[in-house]
file query.tsv (TSV, C-alpha atoms)
chain	number	residue	atom	x	y	z
L	1	MET	CA	104.73	111.18	88.87
L	2	GLU	CA	107.03	113.27	91.05
L	3	GLU	CA	104.14	113.82	93.48
L	4	LEU	CA	104.40	110.15	94.54
L	5	TYR	CA	107.53	111.09	96.47
L	6	THR	CA	105.79	113.74	98.57
L	7	SER	CA	103.89	111.23	100.71
L	8	CYS	CA	105.77	108.10	99.77
L	9	LYS	CA	103.82	104.84	99.79
L	10	LEU	CA	105.70	103.19	96.94
L	11	CYS	CA	106.67	100.12	98.94
L	12	PRO	CA	104.86	98.08	101.61
L	13	ARG	CA	106.55	100.10	104.37
L	14	LYS	CA	104.26	103.01	103.45
L	15	CYS	CA	106.36	105.56	105.34
L	16	ALA	CA	104.12	108.36	103.95
L	17	ILE	CA	106.92	110.93	104.26
L	18	ASN	CA	107.96	113.70	101.91
L	19	ARG	CA	111.18	112.40	100.40
L	20	ARG	CA	112.03	115.88	99.13
L	21	ILE	CA	112.65	116.75	102.79
L	22	ARG	CA	113.74	113.57	104.56
L	23	THR	CA	114.22	109.85	104.00
L	24	GLY	CA	112.33	106.78	105.16
L	25	VAL	CA	113.30	103.13	105.56
L	26	CYS	CA	114.89	102.96	102.11
L	27	GLY	CA	117.26	105.81	102.99
L	28	SER	CA	116.61	107.59	99.69
L	29	SER	CA	115.54	111.07	98.69
L	30	ASN	CA	113.44	111.80	95.62
L	31	THR	CA	116.56	111.95	93.43
L	32	VAL	CA	117.72	108.77	91.70
L	33	LYS	CA	121.00	107.41	93.05
L	34	VAL	CA	123.02	104.79	91.18
L	35	ALA	CA	126.18	102.89	92.18
L	36	ARG	CA	127.03	101.08	88.95
L	37	ALA	CA	125.77	100.59	85.39
L	38	SER	CA	127.47	97.93	83.31
L	39	LEU	CA	127.16	94.67	81.42
L	40	HIS	CA	126.65	91.88	83.93
L	41	TYR	CA	127.34	88.23	83.07
L	42	PHE	CA	126.36	86.43	86.27
L	43	GLU	CA	122.58	86.48	86.09
L	44	GLU	CA	120.65	83.41	84.93
L	45	PRO	CA	121.51	82.29	81.34
L	46	SER	CA	118.25	83.56	79.84
L	47	ILE	CA	118.96	87.01	81.29
L	48	SER	CA	122.73	87.42	80.80
L	49	GLY	CA	123.04	85.46	77.57
L	50	VAL	CA	126.32	85.95	75.75
L	51	ASN	CA	126.54	89.76	75.69
L	52	GLY	CA	125.50	90.38	79.27
L	53	SER	CA	122.60	92.09	80.99
L	54	GLY	CA	122.61	95.90	81.06
L	55	THR	CA	122.51	96.18	84.82
L	56	ILE	CA	121.80	99.37	86.77
L	57	PHE	CA	122.38	99.09	90.53
L	58	PHE	CA	120.29	101.59	92.49
L	59	SER	CA	121.35	102.77	95.95
L	60	GLY	CA	119.12	102.23	98.96
L	61	CYS	CA	116.66	99.43	99.77
L	62	ASN	CA	113.32	98.96	101.51
L	63	LEU	CA	114.50	95.77	103.24
L	64	LYS	CA	117.14	95.59	105.96
L	65	CYS	CA	118.62	92.13	105.45
L	66	CYS	CA	121.30	91.41	108.03
L	67	TYR	CA	123.22	89.28	105.49
L	68	CYS	CA	122.98	91.58	102.47
L	69	GLN	CA	125.73	91.01	99.89
L	70	ASN	CA	125.25	94.51	98.46
L	71	LYS	CA	125.37	96.27	101.82
L	72	ASP	CA	127.59	99.08	100.51
L	73	ILE	CA	124.72	100.36	98.38
L	74	SER	CA	121.65	98.95	100.13
L	75	GLY	CA	122.51	99.99	103.67
L	76	GLU	CA	125.31	102.53	103.37
L	77	ASN	CA	123.63	104.15	100.34
L	78	PHE	CA	126.81	104.53	98.29
L	79	GLY	CA	126.20	105.97	94.83
L	80	ARG	CA	125.88	109.10	92.73
L	81	GLU	CA	122.73	111.16	92.33
L	82	ILE	CA	121.67	111.54	88.71
L	83	THR	CA	118.83	113.12	86.74
L	84	ILE	CA	116.05	111.27	84.99
L	85	GLU	CA	117.59	112.36	81.70
L	86	ARG	CA	120.93	110.81	82.68
L	87	LEU	CA	119.19	107.57	83.68
L	88	ALA	CA	117.60	107.40	80.22
L	89	GLU	CA	121.03	108.01	78.65
L	90	ILE	CA	122.52	105.16	80.69
L	91	MET	CA	119.86	102.78	79.37
L	92	LEU	CA	120.67	103.78	75.80
L	93	GLU	CA	124.42	103.46	76.43
L	94	LEU	CA	123.94	99.92	77.73
L	95	GLN	CA	121.85	99.08	74.67
L	96	SER	CA	124.64	100.43	72.44
L	97	LYS	CA	127.02	97.99	74.18
L	98	LYS	CA	124.78	95.14	72.93
L	99	ALA	CA	123.15	94.42	76.30
L	100	HIS	CA	120.35	91.87	75.96
L	101	ASN	CA	118.13	93.85	78.33
L	102	ILE	CA	118.04	96.67	80.85
L	103	ASN	CA	118.24	95.17	84.35
L	104	LEU	CA	116.99	97.46	87.14
L	105	VAL	CA	118.41	96.20	90.46
L	106	THR	CA	116.62	97.20	93.70
L	107	PRO	CA	114.50	99.81	91.89
L	108	THR	CA	111.37	99.97	94.06
L	109	HIS	CA	111.95	103.29	95.80
L	110	PHE	CA	112.66	105.09	92.49
L	111	VAL	CA	109.74	103.77	90.43
L	112	PRO	CA	108.29	107.17	89.42
L	113	SER	CA	111.65	108.37	88.10
L	114	ILE	CA	112.37	105.04	86.42
L	115	ILE	CA	109.07	105.14	84.54
L	116	GLU	CA	109.84	108.63	83.25
L	117	ALA	CA	113.35	107.54	82.24
L	118	ILE	CA	112.03	104.48	80.37
L	119	LYS	CA	109.53	106.62	78.49
L	120	LEU	CA	112.25	109.08	77.53
L	121	ALA	CA	114.68	106.32	76.50
L	122	LYS	CA	112.03	104.60	74.38
L	123	GLU	CA	111.37	107.87	72.58
L	124	LYS	CA	115.07	107.89	71.71
L	125	GLY	CA	115.25	104.29	70.50
L	126	LEU	CA	115.38	101.92	73.51
L	127	ASN	CA	113.92	98.64	72.28
L	128	ILE	CA	115.31	95.83	74.45
L	129	PRO	CA	113.39	94.16	77.29
L	130	ILE	CA	113.24	95.81	80.71
L	131	VAL	CA	113.97	93.59	83.72
L	132	TYR	CA	112.69	94.55	87.18
L	133	ASN	CA	115.14	92.91	89.61
L	134	THR	CA	113.54	93.01	93.04
L	135	SER	CA	113.57	91.62	96.57
L	136	GLY	CA	109.93	90.66	96.10
L	137	TYR	CA	108.82	93.06	98.82
L	138	GLU	CA	106.60	95.07	96.50
L	139	ASP	CA	103.33	96.96	96.75
L	140	VAL	CA	100.73	95.81	94.24
L	141	LEU	CA	99.62	99.35	93.38
L	142	THR	CA	103.21	100.29	92.52
L	143	LEU	CA	103.53	97.17	90.36
L	144	LYS	CA	100.39	98.21	88.49
L	145	LEU	CA	102.11	101.49	87.58
L	146	LEU	CA	104.90	99.45	86.02
L	147	ALA	CA	102.70	97.22	83.88
L	148	PRO	CA	103.22	99.10	80.57
L	149	TYR	CA	106.99	99.28	81.02
L	150	ILE	CA	108.32	96.03	82.50
L	151	ASP	CA	108.81	92.89	80.41
L	152	ILE	CA	110.49	90.56	82.91
L	153	TYR	CA	110.24	90.30	86.68
L	154	LEU	CA	113.40	88.85	88.22
L	155	THR	CA	112.16	88.53	91.78
L	156	ASP	CA	113.45	87.06	95.01
L	157	PHE	CA	111.16	84.98	97.17
L	158	LYS	CA	113.13	85.15	100.39
L	159	TYR	CA	110.98	83.64	103.12
L	160	PHE	CA	107.98	81.37	103.54
L	161	SER	CA	107.99	82.06	107.27
L	162	ASN	CA	107.07	85.60	108.24
L	163	ASP	CA	109.06	85.09	111.43
L	164	LEU	CA	112.25	84.72	109.38
L	165	GLY	CA	111.42	87.93	107.52
L	166	GLU	CA	111.09	89.73	110.83
L	167	LYS	CA	114.38	88.32	112.14
L	168	PHE	CA	116.56	88.81	109.10
L	169	SER	CA	114.99	91.66	107.10
L	170	LYS	CA	113.00	93.65	109.66
L	171	CYS	CA	109.64	93.04	107.97
L	172	SER	CA	106.93	91.02	109.71
L	173	ASN	CA	104.78	90.35	106.63
L	174	TYR	CA	107.22	89.29	103.91
L	175	PHE	CA	105.35	86.20	102.68
L	176	ASN	CA	101.97	87.94	102.65
L	177	ILE	CA	103.37	90.82	100.60
L	178	ALA	CA	105.61	88.80	98.27
L	179	SER	CA	102.89	86.28	97.40
L	180	LYS	CA	100.43	89.04	96.42
L	181	ALA	CA	103.17	90.81	94.46
L	182	LEU	CA	103.94	87.62	92.54
L	183	ASP	CA	100.26	87.27	91.65
L	184	GLU	CA	100.33	90.76	90.13
L	185	MET	CA	103.58	90.10	88.28
L	186	TYR	CA	102.06	86.98	86.74
L	187	ARG	CA	98.87	88.84	85.85
L	188	GLN	CA	101.01	91.27	83.86
L	189	THR	CA	103.37	88.87	82.09
L	190	GLY	CA	101.69	85.50	81.86
L	191	LYS	CA	103.68	82.45	80.84
L	192	ASN	CA	107.36	82.99	80.08
L	193	LYS	CA	108.41	83.72	76.52
L	194	PHE	CA	111.87	83.32	74.95
L	195	ASN	CA	113.45	84.32	71.64
L	196	LYS	CA	115.26	81.99	69.24
L	197	ASP	CA	118.51	82.45	71.19
L	198	GLY	CA	116.95	81.28	74.46
L	199	LEU	CA	116.78	84.76	76.00
L	200	MET	CA	113.73	85.63	78.04
L	201	THR	CA	111.59	88.33	76.47
L	202	LYS	CA	108.58	88.20	78.79
L	203	GLY	CA	107.81	86.52	82.08
L	204	ILE	CA	108.93	85.83	85.62
L	205	LEU	CA	112.01	84.25	87.14
L	206	VAL	CA	111.69	83.54	90.88
L	207	ARG	CA	114.96	83.39	92.83
L	208	CYS	CA	115.23	81.22	95.93
L	209	LEU	CA	118.47	81.87	97.83
L	210	ILE	CA	118.97	79.11	100.38
L	211	LEU	CA	120.27	80.35	103.72
L	212	PRO	CA	122.47	78.03	105.81
L	213	THR	CA	120.43	75.63	108.02
L	214	LEU	CA	117.16	77.02	106.59
L	215	SER	CA	116.65	74.81	103.55
L	216	ASP	CA	113.25	73.64	104.81
L	217	ASP	CA	111.90	77.16	104.42
L	218	THR	CA	113.16	77.26	100.82
L	219	LYS	CA	111.46	73.93	100.10
L	220	LYS	CA	108.16	75.44	101.23
L	221	ILE	CA	108.67	78.42	98.91
L	222	ILE	CA	109.45	76.17	95.96
L	223	GLU	CA	106.39	74.02	96.63
L	224	TYR	CA	104.16	77.07	97.00
L	225	VAL	CA	105.34	78.69	93.74
L	226	TYR	CA	105.18	75.45	91.74
L	227	LYS	CA	101.72	74.44	92.95
L	228	LYS	CA	100.37	77.87	92.08
L	229	TYR	CA	102.09	78.59	88.76
L	230	GLN	CA	103.41	75.19	87.66
L	231	ASP	CA	106.12	75.53	84.99
L	232	ASN	CA	104.71	78.83	83.72
L	233	VAL	CA	107.38	80.67	85.70
L	234	TYR	CA	111.04	79.75	86.07
L	235	LEU	CA	112.66	79.07	89.41
L	236	SER	CA	116.30	79.78	90.22
L	237	ILE	CA	117.54	77.66	93.13
L	238	MET	CA	120.63	79.44	94.43
L	239	ASN	CA	123.53	78.16	96.55
L	240	GLN	CA	125.59	81.35	96.36
L	241	TYR	CA	124.91	82.72	99.84
L	242	THR	CA	128.08	84.58	100.85
L	243	PRO	CA	128.65	85.84	104.41
L	244	VAL	CA	130.20	89.26	103.84
L	245	THR	CA	130.16	90.50	107.44
L	246	TYR	CA	130.17	88.76	110.81
L	247	ASN	CA	126.64	88.27	112.15
L	248	LYS	CA	126.70	88.03	115.94
L	249	ASP	CA	122.93	87.67	116.34
L	250	TYR	CA	122.63	84.71	113.97
L	251	PRO	CA	126.00	82.89	113.93
L	252	PHE	CA	124.78	80.23	111.47
L	253	LEU	CA	124.69	82.98	108.85
L	254	ASN	CA	128.47	83.26	109.10
L	255	GLN	CA	128.93	80.09	107.05
L	256	THR	CA	128.27	79.14	103.46
L	257	LEU	CA	125.63	76.63	102.42
L	258	SER	CA	126.71	72.99	102.53
L	259	ALA	CA	126.58	70.89	99.37
L	260	THR	CA	124.30	68.44	101.18
L	261	GLU	CA	121.75	71.14	102.02
L	262	TYR	CA	121.73	72.39	98.45
L	263	ASP	CA	121.39	68.94	96.90
L	264	GLU	CA	118.45	68.17	99.20
L	265	VAL	CA	116.57	71.23	97.93
L	266	VAL	CA	117.32	70.44	94.28
L	267	ASP	CA	116.19	66.82	94.78
L	268	TYR	CA	113.03	68.10	96.43
L	269	ALA	CA	112.27	70.29	93.40
L	270	VAL	CA	112.87	67.36	91.05
L	271	ASP	CA	110.56	65.13	93.10
L	272	LEU	CA	107.83	67.77	92.88
L	273	GLY	CA	108.07	67.49	89.09
L	274	ILE	CA	109.56	70.91	88.40
L	275	LYS	CA	111.04	71.16	84.91
L	276	ASN	CA	111.70	74.90	84.49
L	277	ALA	CA	114.40	75.74	87.01
L	278	TYR	CA	118.00	76.88	87.09
L	279	ILE	CA	120.46	75.34	89.51
L	280	GLN	CA	123.99	76.41	90.38
L	281	GLU	CA	127.06	74.23	90.24
L	282	GLY	CA	130.62	74.78	91.41
L	283	GLU	CA	132.00	77.61	93.53
L	284	THR	CA	129.37	80.34	93.42
L	285	CYS	CA	129.85	81.29	97.08
L	286	SER	CA	132.52	83.87	96.48
L	287	GLU	CA	132.81	87.59	96.91
L	288	SER	CA	134.19	87.68	93.35
L	289	PHE	CA	130.59	87.32	92.15
L	290	ILE	CA	129.67	90.56	93.92
L	291	PRO	CA	130.31	93.42	91.47
L	292	PRO	CA	132.50	96.35	92.53
L	293	PHE	CA	130.33	99.36	93.28
L	294	ASP	CA	132.65	101.92	91.74
L	295	LEU	CA	130.29	104.22	89.82
L	296	GLU	CA	131.21	102.60	86.51
L	297	GLY	CA	128.86	103.79	83.78
L	298	VAL	CA	127.16	106.34	86.01

call {"tool": "encode", "arguments": {"input": "query.tsv", "output": "structure tokens"}}
result
Amino acid sequence: MEELYTSCKLCPRKCAINRRIRTGVCGSSNTVKVARASLHYFEEPSISGVNGSGTIFFSGCNLKCCYCQNKDISGENFGREITIERLAEIMLELQSKKAHNINLVTPTHFVPSIIEAIKLAKEKGLNIPIVYNTSGYEDVLTLKLLAPYIDIYLTDFKYFSNDLGEKFSKCSNYFNIASKALDEMYRQTGKNKFNKDGLMTKGILVRCLILPTLSDDTKKIIEYVYKKYQDNVYLSIMNQYTPVTYNKDYPFLNQTLSATEYDEVVDYAVDLGIKNAYIQEGETCSESFIPPFDLEGV
């Protein structure tokens, strides 16, 4: 699958460049780069469980969100280059620490290498679910490559309005792309499945991060997802937006979400009849919830 890097069209940007020679929008070469690999306890309960999710944070990103909480790795590309063999070892090491799953965070631009690493790790005994933790800005053909290997899609649905995608993430077609990607994810997984301990073993969890003053857009996303998939997928309605840098172009992004805004979105979801959704309570808007990108486990 290494040839997929030579004219890279893995994501909807379709840069079509040879990543062995130079980088595209994601800022990544053809060599896997990882910033952290550890047990993570702050995902949704059916992902983190008691033992934690075996989370691998990849460097680089195909979106350019002006409010990104992981900017050190997504924009500044901090991390360490590793081999496919080492990536497989990391998966097995996380399994040995009793991780409930392997959680691949921002993996899109390394899909060919990840597939090879999963195959190698499975040959050596990897047997826990694989979670694909994504911005939602995914190419359907790339998702089809992943079908035999991914058990759970943990996907953002960032914008209903394409104009907001253009403003905040430098992509003019976010909704068009993300909605088609979600269709493919659902085709692969079907209705969510859980084990006796309440941990997800198959399915989709759609994350909706509410941005300050933009709750109406989130309501439209929630309505769209629920009308299309009903309670066959889980929603995660998130209030944890954290302004990590000053945003001069969009000053309203320099504040946290108000409790009133969040409650309005939750009430809206309840009124729609949604039963399968996670909500957040208490102080989740804190930089303490952003993991240190310190090469742990790499």

call {"tool": "closest_residue", "arguments": {"input": "query.tsv", "among": "L:Ile21, L:Ile237, L:Leu253, L:Leu39", "to": "L:Glu296", "atoms": "only C-alpha atoms"}}
result
L:Leu39

call {"tool": "residues_around", "arguments": {"input": "query.tsv", "residues": "L:Leu141", "least_positions_apart": "2", "cutoff": "12 Å", "atoms": "only C-alpha atoms", "output": "list in words"}}
result
Leu4, Lys9, Leu10, Cys11, Pro12, Lys14, Thr108, Val111, Glu138, Asp139, Leu143, Lys144, Leu145, Leu146, Ala147, Ile177, Lys180, Ala181, Glu184 and Met185 of chain L

call {"tool": "residues_around", "arguments": {"input": "query.tsv", "residues": "L:Thr55", "least_positions_apart": "5", "cutoff": "10 Å", "atoms": "only C-alpha atoms", "output": "JSON, numbers by chain"}}
result
{"L": [36, 37, 38, 39, 40, 41, 43, 48, 90, 91, 94, 99, 101, 102, 103, 104, 105, 131, 133, 297]}

call {"tool": "residues_around", "arguments": {"input": "query.tsv", "residues": "stretch 152-167 of chain L", "least_positions_apart": "3", "cutoff": "8 Å", "atoms": "all atoms listed in the file", "output": "ChimeraX atom specification"}}
result
/L:129-136,170-176,178,185,189,200-209,217-218,220-221

call {"tool": "residues_around", "arguments": {"input": "query.tsv", "residues": "L:Ala117", "least_positions_apart": "5", "cutoff": "7 Å", "atoms": "all atoms listed in the file", "output": "PDB file with C-alpha atoms, keeping the file's coordinate frame"}}
result
ATOM      1  CA  ILE L  84     116.050 111.270  84.990  1.00  0.00           C
ATOM      2  CA  GLU L  85     117.590 112.360  81.700  1.00  0.00           C
ATOM      3  CA  LEU L  87     119.190 107.570  83.680  1.00  0.00           C
ATOM      4  CA  ALA L  88     117.600 107.400  80.220  1.00  0.00           C
TER       5      ALA L  88
END

call {"tool": "atom_distance", "arguments": {"input": "query.tsv", "atom1": "atom CA of L:Val25", "atom2": "atom CA of L:Asn70"}}
result
16.4 Å

call {"tool": "atom_distance", "arguments": {"input": "query.tsv", "atom1": "atom CA of L:Ser59", "atom2": "atom CA of L:Gly24"}}
result
13.5 Å

call {"tool": "atom_distance", "arguments": {"input": "query.tsv", "atom1": "atom CA of L:Tyr278", "atom2": "atom CA of L:Ile128"}}
result
22.9 Å

call {"tool": "build_atoms", "arguments": {"input": "query.tsv", "residues": "stretch 206-234 of chain L", "atoms": "N, CA and C atoms", "output": "CSV table (one decimal), in the coordinates of the input"}}
result
chain,number,residue,atom,x,y,z
L,206,VAL,N,111.8,83.4,89.4
L,206,VAL,CA,111.7,83.5,90.9
L,206,VAL,C,113.0,83.0,91.5
L,207,ARG,N,113.7,83.8,92.2
L,207,ARG,CA,115.0,83.4,92.8
L,207,ARG,C,114.7,82.9,94.3
L,208,CYS,N,115.3,81.8,94.6
L,208,CYS,CA,115.2,81.2,95.9
L,208,CYS,C,116.7,81.0,96.4
L,209,LEU,N,117.1,82.0,97.2
L,209,LEU,CA,118.5,81.9,97.8
L,209,LEU,C,118.4,81.1,99.1
L,210,ILE,N,119.0,80.0,99.2
L,210,ILE,CA,119.0,79.1,100.4
L,210,ILE,C,119.9,79.6,101.4
L,211,LEU,N,119.4,79.9,102.6
L,211,LEU,CA,120.3,80.4,103.7
L,211,LEU,C,120.7,79.1,104.5
L,212,PRO,N,121.9,79.2,105.0
L,212,PRO,CA,122.5,78.0,105.8
L,212,PRO,C,121.5,77.6,106.9
L,213,THR,N,121.3,76.3,107.0
L,213,THR,CA,120.4,75.6,108.0
L,213,THR,C,118.9,75.9,107.8
L,214,LEU,N,118.6,76.6,106.8
L,214,LEU,CA,117.2,77.0,106.6
L,214,LEU,C,116.6,76.5,105.3
L,215,SER,N,117.1,75.4,104.8
L,215,SER,CA,116.6,74.8,103.6
L,215,SER,C,115.2,74.4,103.6
L,216,ASP,N,114.7,74.0,104.7
L,216,ASP,CA,113.2,73.6,104.8
L,216,ASP,C,112.3,74.8,104.4
L,217,ASP,N,112.7,76.0,104.8
L,217,ASP,CA,111.9,77.2,104.4
L,217,ASP,C,111.9,77.3,102.9
L,218,THR,N,113.1,77.1,102.3
L,218,THR,CA,113.2,77.3,100.8
L,218,THR,C,112.3,76.2,100.1
L,219,LYS,N,112.3,75.0,100.7
L,219,LYS,CA,111.5,73.9,100.1
L,219,LYS,C,110.0,74.4,100.1
L,220,LYS,N,109.6,75.0,101.2
L,220,LYS,CA,108.2,75.4,101.2
L,220,LYS,C,107.9,76.5,100.2
L,221,ILE,N,108.8,77.4,99.9
L,221,ILE,CA,108.7,78.4,98.9
L,221,ILE,C,108.5,77.8,97.5
L,222,ILE,N,109.4,76.8,97.3
L,222,ILE,CA,109.4,76.2,96.0
L,222,ILE,C,108.1,75.4,95.7
L,223,GLU,N,107.7,74.7,96.8
L,223,GLU,CA,106.4,74.0,96.6
L,223,GLU,C,105.2,75.0,96.4
L,224,TYR,N,105.2,76.1,97.1
L,224,TYR,CA,104.2,77.1,97.0
L,224,TYR,C,104.1,77.6,95.6
L,225,VAL,N,105.3,78.1,95.1
L,225,VAL,CA,105.3,78.7,93.7
L,225,VAL,C,105.0,77.7,92.7
L,226,TYR,N,105.5,76.4,92.8
L,226,TYR,CA,105.2,75.4,91.7
L,226,TYR,C,103.7,75.0,91.7
L,227,LYS,N,103.1,74.8,92.9
L,227,LYS,CA,101.7,74.4,93.0
L,227,LYS,C,100.8,75.5,92.4
L,228,LYS,N,101.2,76.8,92.5
L,228,LYS,CA,100.4,77.9,92.1
L,228,LYS,C,100.6,78.2,90.6
L,229,TYR,N,101.8,78.1,90.1
L,229,TYR,CA,102.1,78.6,88.8
L,229,TYR,C,102.6,77.5,87.8
L,230,GLN,N,102.8,76.3,88.4
L,230,GLN,CA,103.4,75.2,87.7
L,230,GLN,C,104.7,75.6,86.9
L,231,ASP,N,104.9,75.2,85.7
L,231,ASP,CA,106.1,75.5,85.0
L,231,ASP,C,105.9,76.8,84.1
L,232,ASN,N,104.9,77.6,84.5
L,232,ASN,CA,104.7,78.8,83.7
L,232,ASN,C,105.7,79.9,84.1
L,233,VAL,N,106.3,79.8,85.3
L,233,VAL,CA,107.4,80.7,85.7
L,233,VAL,C,108.6,79.8,85.9
L,234,TYR,N,109.8,80.4,85.8
L,234,TYR,CA,111.0,79.8,86.1
L,234,TYR,C,111.5,80.0,87.5
